[in-house]
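Dropping data-v5.txt in here (compact mmCIF, C-alpha atoms):
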# COMPACT_ATOMS: atom_id res chain seq x y z
CA MET A 1 -91.13 9.86 -46.38
CA GLY A 2 -88.68 12.44 -47.74
CA ALA A 3 -85.99 11.26 -45.34
CA LYS A 4 -86.42 7.66 -46.53
CA ILE A 5 -86.08 8.71 -50.16
CA THR A 6 -83.00 10.79 -49.38
CA TYR A 7 -81.46 7.88 -47.48
CA ALA A 8 -82.20 5.44 -50.31
CA VAL A 9 -80.73 7.76 -52.95
CA THR A 10 -77.62 8.43 -50.86
CA ALA A 11 -77.16 4.71 -50.20
CA ALA A 12 -77.53 3.93 -53.91
CA VAL A 13 -74.97 6.58 -54.84
CA LEU A 14 -72.58 5.17 -52.24
CA VAL A 15 -72.99 1.64 -53.58
CA VAL A 16 -72.21 2.87 -57.12
CA TYR A 17 -69.16 4.67 -55.74
CA PHE A 18 -68.04 1.52 -53.90
CA VAL A 19 -68.36 -0.52 -57.11
CA LEU A 20 -66.33 2.02 -59.07
CA VAL A 21 -63.61 2.23 -56.43
CA GLY A 22 -63.56 -1.55 -56.08
CA SER A 23 -63.16 -2.01 -59.83
CA ARG A 24 -60.23 0.39 -59.80
CA GLY A 25 -58.66 -1.57 -56.97
CA LEU A 26 -59.06 -4.81 -58.92
CA MET A 27 -57.54 -3.19 -62.01
CA LEU A 28 -54.53 -2.15 -59.94
CA ILE A 29 -54.14 -5.69 -58.56
CA GLN A 30 -54.42 -7.20 -62.06
CA ASN A 31 -51.57 -4.98 -63.22
CA GLY A 32 -49.34 -7.27 -61.18
CA THR A 33 -46.47 -5.13 -59.98
CA LEU A 34 -45.67 -4.92 -56.29
CA LEU A 35 -46.61 -1.24 -56.16
CA THR A 36 -49.94 -1.58 -58.01
CA VAL A 37 -50.95 -4.68 -56.04
CA THR A 38 -50.22 -2.84 -52.79
CA PHE A 39 -52.25 0.18 -53.91
CA GLY A 40 -55.00 -2.10 -55.21
CA VAL A 41 -55.38 -3.84 -51.87
CA ALA A 42 -55.36 -0.46 -50.09
CA VAL A 43 -58.04 0.85 -52.46
CA LEU A 44 -60.21 -2.26 -51.90
CA ILE A 45 -60.21 -1.65 -48.16
CA LEU A 46 -62.16 1.61 -48.57
CA PRO A 47 -65.28 0.06 -50.15
CA VAL A 48 -65.26 -2.75 -47.59
CA ILE A 49 -65.28 -0.25 -44.73
CA GLY A 50 -67.91 1.85 -46.52
CA ILE A 51 -70.22 -1.11 -47.12
CA TRP A 52 -69.87 -2.20 -43.50
CA PHE A 53 -70.67 1.34 -42.30
CA LEU A 54 -73.67 1.64 -44.64
CA TRP A 55 -74.96 -1.78 -43.53
CA LYS A 56 -74.67 -0.95 -39.81
CA ASN A 57 -76.45 2.39 -40.29
CA THR A 58 -79.21 0.78 -42.34
CA GLN A 59 -79.73 -1.82 -39.61
CA PHE A 60 -79.85 0.91 -36.96
CA VAL A 61 -82.42 2.95 -38.87
CA SER A 62 -84.53 -0.13 -39.56
CA ARG A 63 -84.56 -1.17 -35.91
CA ALA A 64 -85.31 2.36 -34.71
CA ASN A 65 -88.21 2.59 -37.18
CA ARG A 66 -89.52 -0.77 -35.95
CA LEU A 67 -89.51 0.52 -32.38
CA ALA A 68 -91.21 3.74 -33.46
CA ALA A 69 -93.96 1.78 -35.22
CA GLU A 70 -94.47 -0.42 -32.16
CA LEU A 71 -94.56 2.56 -29.82
CA ASP A 72 -96.97 4.33 -32.16
CA ALA A 73 -99.28 1.29 -32.16
CA GLU A 74 -99.26 1.42 -28.35
CA GLY A 75 -99.99 5.16 -28.40
CA GLY A 76 -96.72 5.87 -26.63
CA LEU A 77 -94.90 8.12 -29.08
CA PRO A 78 -94.01 11.44 -27.47
CA VAL A 79 -96.17 14.36 -28.47
CA ASP A 80 -94.32 17.27 -30.06
CA GLU A 81 -94.72 19.90 -27.37
CA LEU A 82 -91.66 21.93 -28.27
CA LYS A 83 -91.80 25.66 -28.83
CA ARG A 84 -90.25 26.83 -32.07
CA THR A 85 -88.75 30.07 -33.29
CA SER A 86 -90.33 31.99 -36.14
CA ALA A 87 -87.85 30.25 -38.46
CA GLY A 88 -89.12 26.86 -37.29
CA ARG A 89 -86.11 25.88 -35.19
CA ILE A 90 -86.65 24.25 -31.81
CA ASP A 91 -86.39 26.65 -28.88
CA ARG A 92 -83.44 25.56 -26.75
CA ASP A 93 -85.13 26.21 -23.38
CA SER A 94 -88.17 24.22 -24.48
CA ALA A 95 -85.96 21.30 -25.58
CA ASP A 96 -84.08 21.41 -22.26
CA GLU A 97 -87.37 21.33 -20.32
CA VAL A 98 -88.66 18.30 -22.25
CA PHE A 99 -85.27 16.64 -21.96
CA ALA A 100 -85.30 16.98 -18.16
CA ARG A 101 -88.69 15.24 -18.02
CA ARG A 102 -87.56 12.44 -20.35
CA LYS A 103 -84.37 11.93 -18.36
CA ALA A 104 -86.34 11.67 -15.10
CA GLU A 105 -88.72 9.20 -16.78
CA THR A 106 -85.76 7.07 -17.88
CA GLU A 107 -84.18 7.19 -14.41
CA ASP A 108 -87.49 5.99 -12.93
CA ALA A 109 -87.73 3.09 -15.42
CA PRO A 110 -84.18 2.28 -16.58
CA ASP A 111 -85.16 -1.14 -17.98
CA ASP A 112 -88.01 0.16 -20.17
CA TRP A 113 -87.05 0.54 -23.81
CA ARG A 114 -89.93 3.00 -24.31
CA SER A 115 -88.44 5.55 -21.93
CA TRP A 116 -85.04 5.18 -23.62
CA PHE A 117 -86.67 5.70 -27.01
CA ARG A 118 -88.33 8.91 -25.81
CA LEU A 119 -85.03 10.02 -24.22
CA ALA A 120 -83.29 9.48 -27.58
CA ILE A 121 -85.83 11.77 -29.23
CA ALA A 122 -85.28 14.38 -26.51
CA TYR A 123 -81.51 14.20 -27.07
CA HIS A 124 -82.09 14.62 -30.81
CA ASP A 125 -84.35 17.62 -30.23
CA ALA A 126 -81.64 19.12 -28.00
CA ARG A 127 -79.19 18.65 -30.93
CA ASP A 128 -77.07 16.08 -29.08
CA THR A 129 -76.84 13.49 -31.85
CA PRO A 130 -74.16 11.22 -30.33
CA ARG A 131 -76.14 10.79 -27.11
CA ALA A 132 -79.36 10.41 -29.08
CA ARG A 133 -77.82 7.55 -31.03
CA LYS A 134 -76.50 5.87 -27.87
CA ALA A 135 -79.88 6.18 -26.16
CA MET A 136 -81.59 4.68 -29.22
CA GLN A 137 -79.06 1.83 -29.30
CA HIS A 138 -79.84 1.23 -25.62
CA ALA A 139 -83.58 1.18 -26.38
CA ILE A 140 -83.04 -1.29 -29.23
CA ALA A 141 -80.93 -3.57 -27.03
CA LEU A 142 -83.52 -3.51 -24.23
CA HIS A 143 -86.31 -4.21 -26.71
CA ASP A 144 -84.44 -7.13 -28.23
CA GLY A 145 -83.49 -8.54 -24.83
CA LYS A 146 -79.77 -8.15 -25.44
CA PRO A 147 -77.29 -7.35 -22.67
CA VAL A 148 -76.93 -3.63 -22.10
CA ARG A 149 -73.76 -1.92 -21.00
CA ALA A 150 -74.26 0.62 -18.24
In structure tokens, write the structure found in this file.
Amino acid sequence: MGAKITYAVTAAVLVVYFVLVGSRGLMLIQNGTLLTVTFGVAVLILPVIGIWFLWKNTQFVSRANRLAAELDAEGGLPVDELKRTSAGRIDRDSADEVFARRKAETEDAPDDWRSWFRLAIAYHDARDTPRARKAMQHAIALHDGKPVRA
């Protein structure tokens, strides 16, 4: 629940920032000179990109949470079997061992979104965020019946 609150607060702060930046861009455009109009348009591009990025990330998180809830209802969420250090960090060897099992599971069932979901969690536990995100995107696409790039 803490992560959801943090995400909501961060998103709200970003939206306020985008509004402020956008208003400054409009003020520059209203000034009417070639230079201020050019800067105004350039400034307006930043909030547009930011809103698009925020929207895509919110969609991704929402879809991943939907898959997690469905997998939980089926009793298929992976059990946390990772060893941790005294500081609470995940032991690297333990994460690698679980990852190897999840990868083999995914290779055995490459069209099953559940195995890709569990692989994404294993990537995340192994601190490989880019691959975790790609594996989760793959799981979402398989779940939704969309074409999946190899």
Please, what distance in Å, to one decimal, runs between CA of Ala120 (chain A) and CA of Ile49 (chain A)?
26.7 Å
Env of region 11-16 of chain A: 10 Å cut, atoms = all atoms listed in the file, seq-sep filter 3 positions within chain, self excluded. Answer as a PyMOL selection string.
chain A and resi 5-8+19-22+47+50-51+54-55+58
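With distances taken over all atoms listed in the file, A:Asp125 is the one residue among A:Val61, A:Asp125, A:Ser23, A:Ile140 lying closest to Arg84 (chain A).
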A:Asp112, A:Asp72, A:Asp93, A:Asp80 ranked by distance to Leu142 (chain A), top pick (using all atoms listed in the file)
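Smallest separation from Leu142 (chain A) among the options: A:Asp112.
Of the residues under consideration (A:Ala141, A:Leu67, A:Leu26, A:Met136), A:Leu26 shows the shortest atom-to-atom contact distance to Gly40 (chain A) when counting all atoms listed in the file.
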For CA of Arg149 (chain A) and CA of Asp111 (chain A), determine how far apart the two atoms are, in Å to one decimal place.
11.8 Å
Take CA of Asn31 (chain A) and CA of Leu44 (chain A) and report the distance between them in Å, one decimal.
14.5 Å
May I have the protein, DNA and RNA residues with an atom at most 12 Å from (-94.2, 21.2, -24.5), counting only C-alpha atoms in the file's coordinates, returned as a PDB file with C-alpha atoms, in the coordinates of the input?
ATOM      1  CA  PRO A  78     -94.010  11.440 -27.470  1.00  0.00           C
ATOM      2  CA  VAL A  79     -96.170  14.360 -28.470  1.00  0.00           C
ATOM      3  CA  ASP A  80     -94.320  17.270 -30.060  1.00  0.00           C
ATOM      4  CA  GLU A  81     -94.720  19.900 -27.370  1.00  0.00           C
ATOM      5  CA  LEU A  82     -91.660  21.930 -28.270  1.00  0.00           C
ATOM      6  CA  LYS A  83     -91.800  25.660 -28.830  1.00  0.00           C
ATOM      7  CA  ARG A  84     -90.250  26.830 -32.070  1.00  0.00           C
ATOM      8  CA  ILE A  90     -86.650  24.250 -31.810  1.00  0.00           C
ATOM      9  CA  ASP A  91     -86.390  26.650 -28.880  1.00  0.00           C
ATOM     10  CA  ARG A  92     -83.440  25.560 -26.750  1.00  0.00           C
ATOM     11  CA  ASP A  93     -85.130  26.210 -23.380  1.00  0.00           C
ATOM     12  CA  SER A  94     -88.170  24.220 -24.480  1.00  0.00           C
ATOM     13  CA  ALA A  95     -85.960  21.300 -25.580  1.00  0.00           C
ATOM     14  CA  ASP A  96     -84.080  21.410 -22.260  1.00  0.00           C
ATOM     15  CA  GLU A  97     -87.370  21.330 -20.320  1.00  0.00           C
ATOM     16  CA  VAL A  98     -88.660  18.300 -22.250  1.00  0.00           C
ATOM     17  CA  PHE A  99     -85.270  16.640 -21.960  1.00  0.00           C
ATOM     18  CA  ALA A 100     -85.300  16.980 -18.160  1.00  0.00           C
ATOM     19  CA  ARG A 101     -88.690  15.240 -18.020  1.00  0.00           C
ATOM     20  CA  ARG A 102     -87.560  12.440 -20.350  1.00  0.00           C
ATOM     21  CA  ALA A 122     -85.280  14.380 -26.510  1.00  0.00           C
ATOM     22  CA  ASP A 125     -84.350  17.620 -30.230  1.00  0.00           C
TER      23      ASP A 125
END
